[in-house]
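J.: Below is the file entry.txt, which contains compact mmCIF, C-alpha atoms.
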# COMPACT_ATOMS: atom_id res chain seq x y z
CA MET A 1 2.57 17.22 -41.96
CA THR A 2 -0.48 16.44 -39.81
CA THR A 3 -1.72 19.52 -37.97
CA PHE A 4 -3.04 19.73 -34.41
CA LYS A 5 -6.50 20.54 -35.79
CA GLU A 6 -6.49 17.37 -37.89
CA ILE A 7 -5.51 15.32 -34.80
CA ARG A 8 -7.76 16.98 -32.22
CA GLY A 9 -10.43 18.56 -34.43
CA GLN A 10 -9.71 22.06 -33.12
CA LEU A 11 -7.22 24.89 -33.38
CA ILE A 12 -4.92 25.94 -30.54
CA ARG A 13 -6.59 28.95 -28.96
CA SER A 14 -4.73 32.13 -28.12
CA VAL A 15 -5.98 33.44 -24.78
CA SER A 16 -4.96 36.15 -22.32
CA SER A 17 -5.25 33.84 -19.28
CA ASP A 18 -5.40 30.11 -18.59
CA PRO A 19 -8.94 28.61 -18.79
CA ALA A 20 -10.64 28.03 -15.44
CA ASN A 21 -11.88 24.51 -16.26
CA PRO A 22 -9.74 22.95 -19.00
CA GLN A 23 -10.37 19.45 -20.36
CA GLU A 24 -7.83 16.63 -20.51
CA GLY A 25 -5.67 17.05 -23.62
CA GLU A 26 -6.67 20.70 -24.16
CA ILE A 27 -3.86 22.98 -25.39
CA TRP A 28 -3.80 26.79 -25.53
CA TYR A 29 -1.37 29.67 -26.07
CA ASN A 30 -1.26 32.17 -23.20
CA ASN A 31 -0.45 35.37 -25.12
CA THR A 32 0.00 37.41 -21.94
CA ILE A 33 3.14 35.50 -20.96
CA GLY A 34 3.92 33.99 -24.38
CA VAL A 35 3.74 30.35 -23.28
CA LEU A 36 2.13 27.25 -24.80
CA LYS A 37 0.24 25.29 -22.17
CA GLY A 38 -1.81 22.12 -21.84
CA TYR A 39 -3.93 20.19 -19.37
CA LYS A 40 -2.51 16.72 -18.86
CA ASN A 41 -2.29 13.72 -16.59
CA ILE A 42 0.71 14.31 -14.33
CA GLY A 43 0.48 10.90 -12.66
CA GLY A 44 -0.58 10.03 -9.16
CA ALA A 45 -0.39 12.39 -6.20
CA TRP A 46 -0.62 12.09 -2.41
CA ALA A 47 -2.95 14.39 -0.46
CA SER A 48 -3.52 14.82 3.27
CA GLY A 49 -6.43 13.00 4.93
CA GLY A 50 -7.81 12.95 8.46
CA ASN A 51 -5.50 12.13 11.38
CA LEU A 52 -5.80 8.88 13.32
CA THR A 53 -7.40 9.17 16.76
CA THR A 54 -4.30 7.48 18.21
CA ALA A 55 -0.80 7.35 16.69
CA LYS A 56 -0.16 3.92 15.20
CA ASP A 57 2.68 1.97 13.59
CA TYR A 58 3.49 -1.71 12.98
CA GLY A 59 -0.26 -2.43 12.69
CA ALA A 60 -2.37 -3.63 9.76
CA GLY A 61 -4.89 -2.04 7.43
CA ALA A 62 -7.78 -3.10 5.21
CA GLY A 63 -10.59 -1.61 3.15
CA THR A 64 -10.57 1.33 0.76
CA GLN A 65 -9.60 4.99 0.81
CA THR A 66 -13.11 6.01 1.92
CA THR A 67 -13.99 2.92 4.01
CA GLY A 68 -10.71 1.96 5.70
CA ILE A 69 -9.82 0.17 8.91
CA VAL A 70 -6.57 -0.11 10.87
CA PHE A 71 -5.90 -2.36 13.84
CA ALA A 72 -3.31 -3.43 16.43
CA GLY A 73 0.30 -2.16 16.25
CA ASN A 74 2.41 0.11 18.47
CA THR A 75 4.78 -0.74 21.33
CA PRO A 76 3.68 -2.22 23.64
CA PRO A 77 1.20 -4.01 21.33
CA THR A 78 -2.29 -2.52 21.27
CA VAL A 79 -5.77 -3.89 20.51
CA ASN A 80 -6.98 -0.50 19.21
CA THR A 81 -9.09 -0.51 16.02
CA GLN A 82 -10.09 2.57 14.02
CA LYS A 83 -12.42 3.11 11.03
CA TYR A 84 -12.07 5.73 8.27
CA ASP A 85 -14.89 7.32 6.25
CA GLY A 86 -12.65 9.24 3.86
CA THR A 87 -12.56 12.27 6.15
CA SER A 88 -12.09 11.21 9.77
CA TRP A 89 -11.13 8.23 11.92
CA THR A 90 -13.25 6.86 14.79
CA ASN A 91 -12.51 4.15 17.34
CA THR A 92 -14.42 0.88 17.10
CA GLY A 93 -14.32 -2.57 18.75
CA ASP A 94 -10.93 -3.68 20.10
CA MET A 95 -9.12 -6.82 18.96
CA ASN A 96 -8.79 -9.68 21.45
CA THR A 97 -5.00 -10.06 21.13
CA GLY A 98 -2.65 -7.07 21.02
CA ARG A 99 0.28 -7.46 18.61
CA ILE A 100 2.59 -5.80 16.11
CA GLY A 101 3.85 -6.84 12.68
CA LEU A 102 0.62 -8.63 11.76
CA GLY A 103 -1.09 -9.05 8.40
CA GLY A 104 -4.45 -7.66 7.34
CA ALA A 105 -7.08 -8.41 4.69
CA GLY A 106 -10.70 -7.65 3.85
CA ASN A 107 -12.70 -4.47 4.33
CA GLN A 108 -14.22 -2.25 7.00
CA THR A 109 -17.14 -4.57 7.77
CA ALA A 110 -15.41 -7.89 7.08
CA ALA A 111 -11.72 -7.74 8.03
CA LEU A 112 -9.11 -10.33 9.00
CA GLY A 113 -6.04 -9.85 11.23
CA PHE A 114 -3.43 -12.60 11.47
CA PHE A 115 -0.05 -13.64 12.91
CA GLY A 116 2.33 -11.03 14.42
CA SER A 117 4.41 -10.52 17.56
CA PRO A 118 4.96 -11.50 20.42
CA LEU A 119 7.14 -13.70 18.25
CA GLY A 120 5.46 -16.86 17.10
CA VAL A 121 1.82 -15.73 17.32
CA THR A 122 -0.42 -17.66 14.90
CA THR A 123 -3.67 -16.16 16.20
CA THR A 124 -6.25 -15.06 13.62
CA GLU A 125 -9.20 -12.75 14.27
CA SER A 126 -12.24 -11.92 12.16
CA PHE A 127 -14.07 -8.54 12.30
CA ASN A 128 -17.78 -8.12 11.47
CA GLY A 129 -17.92 -4.33 11.50
CA SER A 130 -18.10 -3.95 15.27
CA THR A 131 -16.60 -7.00 17.01
CA TRP A 132 -13.49 -9.14 16.62
CA THR A 133 -13.79 -12.93 17.00
CA THR A 134 -10.84 -15.31 17.41
CA VAL A 135 -10.94 -18.01 14.71
CA ASN A 136 -8.62 -20.85 13.68
CA SER A 137 -4.89 -20.17 13.99
CA GLY A 138 -2.24 -20.34 11.28
CA ASN A 139 0.51 -22.95 10.92
CA THR A 140 3.80 -21.02 11.07
CA GLY A 141 4.08 -18.29 13.70
CA ARG A 142 5.87 -15.16 12.48
CA ARG A 143 5.88 -11.39 12.65
CA TYR A 144 6.52 -8.57 10.17
CA ILE A 145 4.59 -10.46 7.50
CA ALA A 146 2.66 -9.26 4.46
CA GLY A 147 -0.99 -10.05 3.86
CA CYS A 148 -3.69 -9.41 1.28
CA GLY A 149 -7.06 -10.59 0.04
CA LEU A 150 -10.49 -10.89 1.61
CA GLN A 151 -11.85 -12.00 4.96
CA THR A 152 -12.82 -15.33 3.36
CA ALA A 153 -9.89 -15.64 0.95
CA ALA A 154 -6.60 -14.24 2.27
CA LEU A 155 -2.88 -14.80 1.78
CA ALA A 156 -0.06 -14.43 4.37
CA PHE A 157 3.58 -14.51 3.25
CA GLY A 158 7.12 -13.87 4.41
CA GLY A 159 8.00 -12.56 7.84
CA VAL A 160 10.39 -13.43 10.65
CA ASN A 161 9.92 -16.53 12.82
CA PRO A 162 11.95 -17.81 15.80
CA GLY A 163 14.32 -19.53 13.35
CA GLY A 164 14.97 -16.42 11.25
CA ASN A 165 13.66 -15.13 7.93
CA SER A 166 10.68 -16.94 6.51
CA THR A 167 9.52 -17.88 3.00
CA ALA A 168 6.31 -19.44 4.35
CA THR A 169 3.07 -18.75 2.50
CA GLU A 170 -0.35 -19.67 3.86
CA SER A 171 -3.78 -19.44 2.24
CA TRP A 172 -7.00 -18.79 4.19
CA ASN A 173 -10.34 -20.17 2.95
CA GLY A 174 -12.57 -18.50 5.52
CA THR A 175 -12.14 -21.34 8.03
CA ASN A 176 -8.59 -22.68 7.97
CA TRP A 177 -5.05 -21.75 6.95
CA THR A 178 -3.24 -24.09 4.52
CA SER A 179 0.50 -24.01 3.85
CA VAL A 180 1.16 -23.55 0.13
CA ASN A 181 4.29 -23.08 -2.00
CA SER A 182 6.94 -20.89 -0.40
CA MET A 183 8.45 -17.63 -1.59
CA ASN A 184 11.85 -17.63 -3.30
CA THR A 185 13.48 -15.02 -1.04
CA ALA A 186 13.11 -15.19 2.74
CA ARG A 187 12.43 -11.74 4.24
CA GLY A 188 10.40 -9.76 6.75
CA VAL A 189 8.98 -6.21 6.99
CA LEU A 190 8.10 -6.52 3.30
CA GLY A 191 5.34 -4.96 1.23
CA GLY A 192 2.47 -6.90 -0.25
CA SER A 193 -0.74 -6.37 -2.20
CA GLY A 194 -3.32 -8.10 -4.37
CA THR A 195 -5.61 -11.06 -3.85
CA GLN A 196 -5.35 -14.66 -2.66
CA THR A 197 -4.66 -15.83 -6.24
CA SER A 198 -2.91 -12.79 -7.74
CA SER A 199 -0.54 -10.95 -5.44
CA LEU A 200 2.82 -9.21 -5.27
CA ALA A 201 5.58 -9.27 -2.62
CA PHE A 202 8.26 -6.57 -2.71
CA GLY A 203 11.13 -5.10 -0.74
CA GLY A 204 11.72 -6.04 2.88
CA GLY A 205 14.61 -6.86 5.15
CA ILE A 206 16.89 -9.83 5.67
CA PHE A 207 17.59 -10.50 9.38
CA PRO A 208 20.23 -10.33 10.83
CA PRO A 209 21.53 -7.80 10.02
CA VAL A 210 18.69 -5.84 8.46
CA ALA A 211 19.87 -5.81 4.84
CA ALA A 212 17.34 -4.09 2.57
CA SER A 213 15.93 -5.95 -0.43
CA ALA A 214 14.50 -4.69 -3.72
CA ALA A 215 13.34 -8.17 -4.79
CA THR A 216 9.84 -8.56 -6.21
CA GLU A 217 7.87 -11.79 -6.50
CA SER A 218 4.58 -12.46 -8.25
CA TRP A 219 2.03 -15.03 -6.99
CA ASP A 220 -0.38 -16.71 -9.43
CA GLY A 221 -2.35 -18.73 -6.91
CA THR A 222 0.08 -21.67 -7.05
CA ASN A 223 3.68 -20.45 -7.33
CA TRP A 224 5.88 -17.44 -6.64
CA THR A 225 7.95 -16.14 -9.58
CA THR A 226 10.82 -13.65 -9.21
CA VAL A 227 10.20 -10.62 -11.44
CA SER A 228 11.83 -7.20 -11.91
CA SER A 229 13.22 -5.61 -8.76
CA MET A 230 12.20 -2.27 -7.33
CA ASN A 231 14.30 0.79 -8.13
CA SER A 232 15.11 1.37 -4.45
CA ALA A 233 15.80 -1.36 -1.90
CA ARG A 234 14.05 -0.70 1.42
CA THR A 235 12.59 -2.32 4.49
CA SER A 236 9.41 -1.61 6.46
CA LEU A 237 7.50 -0.33 3.42
CA ASN A 238 3.80 -0.40 2.58
CA GLY A 239 1.84 -1.40 -0.47
CA ALA A 240 -1.55 -1.35 -2.19
CA GLY A 241 -2.93 -2.91 -5.34
CA ALA A 242 -5.59 -5.10 -6.92
CA SER A 243 -3.45 -7.84 -8.49
CA ASN A 244 0.06 -8.97 -9.44
CA THR A 245 -0.04 -6.63 -12.45
CA SER A 246 -1.11 -3.43 -10.67
CA ALA A 247 0.48 -2.27 -7.42
CA LEU A 248 2.04 0.60 -5.47
CA ALA A 249 4.99 0.49 -3.06
CA PHE A 250 5.55 3.48 -0.78
CA GLY A 251 7.44 4.64 2.27
CA GLY A 252 9.97 2.48 4.08
CA TYR A 253 13.40 2.74 5.60
CA THR A 254 17.15 2.19 4.87
CA PRO A 255 19.19 4.07 5.74
CA SER A 256 16.68 6.89 6.25
CA TYR A 257 12.90 7.25 6.06
CA PHE A 258 11.50 7.06 2.53
CA ALA A 259 8.82 9.22 0.89
CA LEU A 260 9.31 7.48 -2.46
CA THR A 261 6.42 5.79 -4.26
CA GLU A 262 6.91 3.24 -7.04
CA SER A 263 4.23 2.01 -9.43
CA TRP A 264 4.11 -1.56 -10.82
CA ASN A 265 2.52 -2.32 -14.22
CA GLY A 266 3.03 -6.08 -14.29
CA THR A 267 6.49 -5.84 -15.84
CA SER A 268 8.50 -3.09 -14.18
CA TRP A 269 8.53 -0.47 -11.43
CA THR A 270 8.34 3.27 -12.21
CA VAL A 271 9.07 6.06 -9.74
CA ALA A 272 5.86 7.97 -8.96
CA ALA A 273 4.78 10.75 -6.59
CA THR A 274 6.36 11.15 -3.16
CA LEU A 275 4.58 11.08 0.19
CA GLY A 276 4.13 14.33 2.05
CA THR A 277 5.61 12.67 5.15
CA ALA A 278 8.48 10.19 4.76
CA ARG A 279 7.94 7.20 7.10
CA SER A 280 8.04 3.47 7.61
CA ASN A 281 5.80 0.76 9.10
CA GLY A 282 2.47 2.42 8.37
CA GLN A 283 -0.95 0.87 7.83
CA SER A 284 -2.16 0.75 4.24
CA PHE A 285 -4.62 -0.80 1.84
CA GLY A 286 -6.63 -0.03 -1.29
CA ILE A 287 -5.98 -0.38 -5.01
CA LYS A 288 -3.27 1.27 -7.09
CA ASN A 289 -5.38 4.28 -8.08
CA ASP A 290 -7.11 4.72 -4.73
CA ALA A 291 -4.78 3.88 -1.82
CA TYR A 292 -4.27 5.20 1.67
CA LEU A 293 -1.42 5.21 4.19
CA ALA A 294 -2.28 5.83 7.84
CA GLY A 295 0.19 6.43 10.63
CA GLY A 296 3.66 4.93 10.47
CA SER A 297 6.93 5.73 12.20
CA ILE A 298 9.77 8.25 12.15
CA GLY A 299 11.16 6.83 15.37
CA THR A 300 7.87 7.62 17.08
CA ALA A 301 4.38 6.62 15.90
CA LEU A 302 2.43 9.09 13.72
CA THR A 303 -1.24 10.00 13.27
CA VAL A 304 -0.97 11.46 9.77
CA THR A 305 -3.00 9.92 6.90
CA GLU A 306 -2.32 10.39 3.19
CA GLU A 307 -4.46 9.39 0.21
CA PHE A 308 -3.16 8.53 -3.27
CA THR A 309 -5.11 9.38 -6.42
CA ASP A 310 -4.19 8.48 -10.00
CA PRO A 311 -4.74 9.96 -12.52
CA THR A 312 -4.20 13.53 -11.35
CA PHE A 313 -4.50 16.36 -13.85
CA ALA A 314 -2.82 19.77 -13.95
CA THR A 315 -1.92 22.63 -16.25
CA ARG A 316 1.65 22.37 -17.56
CA THR A 317 3.90 24.42 -19.80
CA LEU A 318 4.52 22.48 -23.03
CA THR A 319 7.93 22.22 -24.69
CA THR A 320 9.31 20.43 -27.72
CA SER A 321 11.44 18.04 -25.62
Can you turn what I pasted into structure tokens?
T.:
Amino acid sequence: MTTFKEIRGQLIRSVSSDPANPQEGEIWYNNTIGVLKGYKNIGGAWASGGNLTTAKDYGAGAGTQTTGIVFAGNTPPTVNTQKYDGTSWTNTGDMNTGRIGLGGAGNQTAALGFFGSPLGVTTTESFNGSTWTTVNSGNTGRRYIAGCGLQTAALAFGGVNPGGNSTATESWNGTNWTSVNSMNTARGVLGGSGTQTSSLAFGGGIFPPVAASAATESWDGTNWTTVSSMNSARTSLNGAGASNTSALAFGGYTPSYFALTESWNGTSWTVAATLGTARSNGQSFGIKNDAYLAGGSIGTALTVTEEFTDPTFATRTLTTS
């Protein structure tokens, strides 16, 4: 039988107390309490960040966990824009058109906000780090859409238009929106993440009535393909991720507010850490291992921000099962 020393090159130490700064994979026997312990990756975890300056829901987000931006949202629709430095939020230049249920893309110094409500808005605005400028509009007006990508290469998909649920997908090249191949399942208040050529759409609601969906679709730059569904159907959720093989879905509603996070590996969803505050319709962005969720709703708009980190390490009691 192979021993632990042969595998790891060291014996299991017997100590009277847990080490102060263990290394990943380190194992020891705590002889004071008679327990075998180890330091391991326990998966992602959410931690509290700085509060928004103004409570916000139904808006859009862009950027990273330490250089984030959120804009628009609330009822009645606001033009408020806030920047995040990883610790605190500060107000910056207002948008030109107040709206809710819009899409967002880009980063803190080069963001894009598009579509939204009042129902049928196709307006697109570009942010340069201090000022928003109205640029060319989209083709199909809708609200409660999902968006992802960069200021010069974005994707907008799904949503609700005056005729009902939408499968419309539009691609932005930095100047104009172009209608491309539609989604397979029409829905609004869905989650989305990724890039213009590699993105993921998940969850959402079918109107009317608001029937929650767990459907997931993967975009390869040309077509949408239906892939494995989420574990929990929900509407009004948020997402983050770098591509159609790496994403997070978190929060949402139906029939109560969700704290659940699910992690996508390109094939299936796995239940991950839960949010500290269950909520829907927040503002989010980032990649799978470095995401943020700002604001959201529990019937009223919130200011709370949470940050997701993966991997997260901790000391755990080891068993044979």
J.: What lies within 10 Å of Glu125 in chain A using only C-alpha atoms, ignoring chain neighbours under 3 positions off, as number ranges by chain?
T.: A: 95-97, 104, 111-115, 131-137, 151
J.: So the first atom is CA of Ser88 in chain A and the second is CA of Ala156 in chain A; what is the distance between them in Å, to one decimal place?
T.: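 Interatomic distance here is 28.8 Å.
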J.: Please identify all polymer residues within 7 Å of Asn223 in chain A, counting only C-alpha atoms, omitting same-chain residues fewer than 3 positions from it, and present them as number ranges by chain.
T.: A: 181, 219-220
J.: Could you please take those selected residues and save C-alpha atoms as a PDB file, in the coordinates of the input?
T.:
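Result went into out29.pdb, see below:
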ATOM      1  CA  ASN A 181       4.290 -23.080  -2.000  1.00  0.00           C
ATOM      2  CA  TRP A 219       2.030 -15.030  -6.990  1.00  0.00           C
ATOM      3  CA  ASP A 220      -0.380 -16.710  -9.430  1.00  0.00           C
TER       4      ASP A 220
END
J.: Smallest atom-to-atom distance to Val271 in chain A: which of A:Asn231, A:Pro22, A:Tyr84, A:Tyr144, using all atoms listed in the file?
T.: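 Looking at the shortest contact to Val271 in chain A, the residue is A:Asn231.
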J.: With 3 Å on each side, where is the centre of the axis-aligned box around all listed atoms of range 21-34 of chain A, and how long are its edges in Å to one decimal, as lines of an AutoDock Vina configuration file?
T.:
center_x = -4.0
center_y = 27.0
center_z = -21.2
size_x = 21.8
size_y = 26.8
size_z = 15.8
J.: Which one of A:Gly203, A:Gly129, A:Gly239, A:Pro255 sits closest to Tyr292 in chain A if you count only C-alpha atoms?
T.: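 Among A:Gly203, A:Gly129, A:Gly239, A:Pro255, it is A:Gly239 that comes nearest to Tyr292 in chain A.
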J.: Have a look at CA of Ile69 in chain A and CA of Trp89 in chain A and let me know their distance in Å, one decimal.
T.: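 Calculated distance between CA of Ile69 in chain A and CA of Trp89 in chain A is 8.7 Å.
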J.: Interatomic distance between CA of Asn289 in chain A and CA of Thr319 in chain A?
T.: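 Going from CA of Asn289 in chain A over to CA of Thr319 in chain A, I get 27.8 Å.
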J.: Env of range 48-64 of chain A: 6 Å cut, atoms = all atoms listed in the file, seq-sep filter 2 positions within chain, self excluded. Answer as a VMD selection string.
T.: chain A and resid 66 to 74 87 to 89 100 to 101 103 to 108 281 to 286 295 to 297 301 to 306
J.: Nearest residue to Gly98 in chain A out of A:Gly116, A:Gly191, A:Gly86, A:Pro19, using only C-alpha atoms?
T.: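 Among the listed residues, the smallest separation from Gly98 in chain A belongs to A:Gly116.
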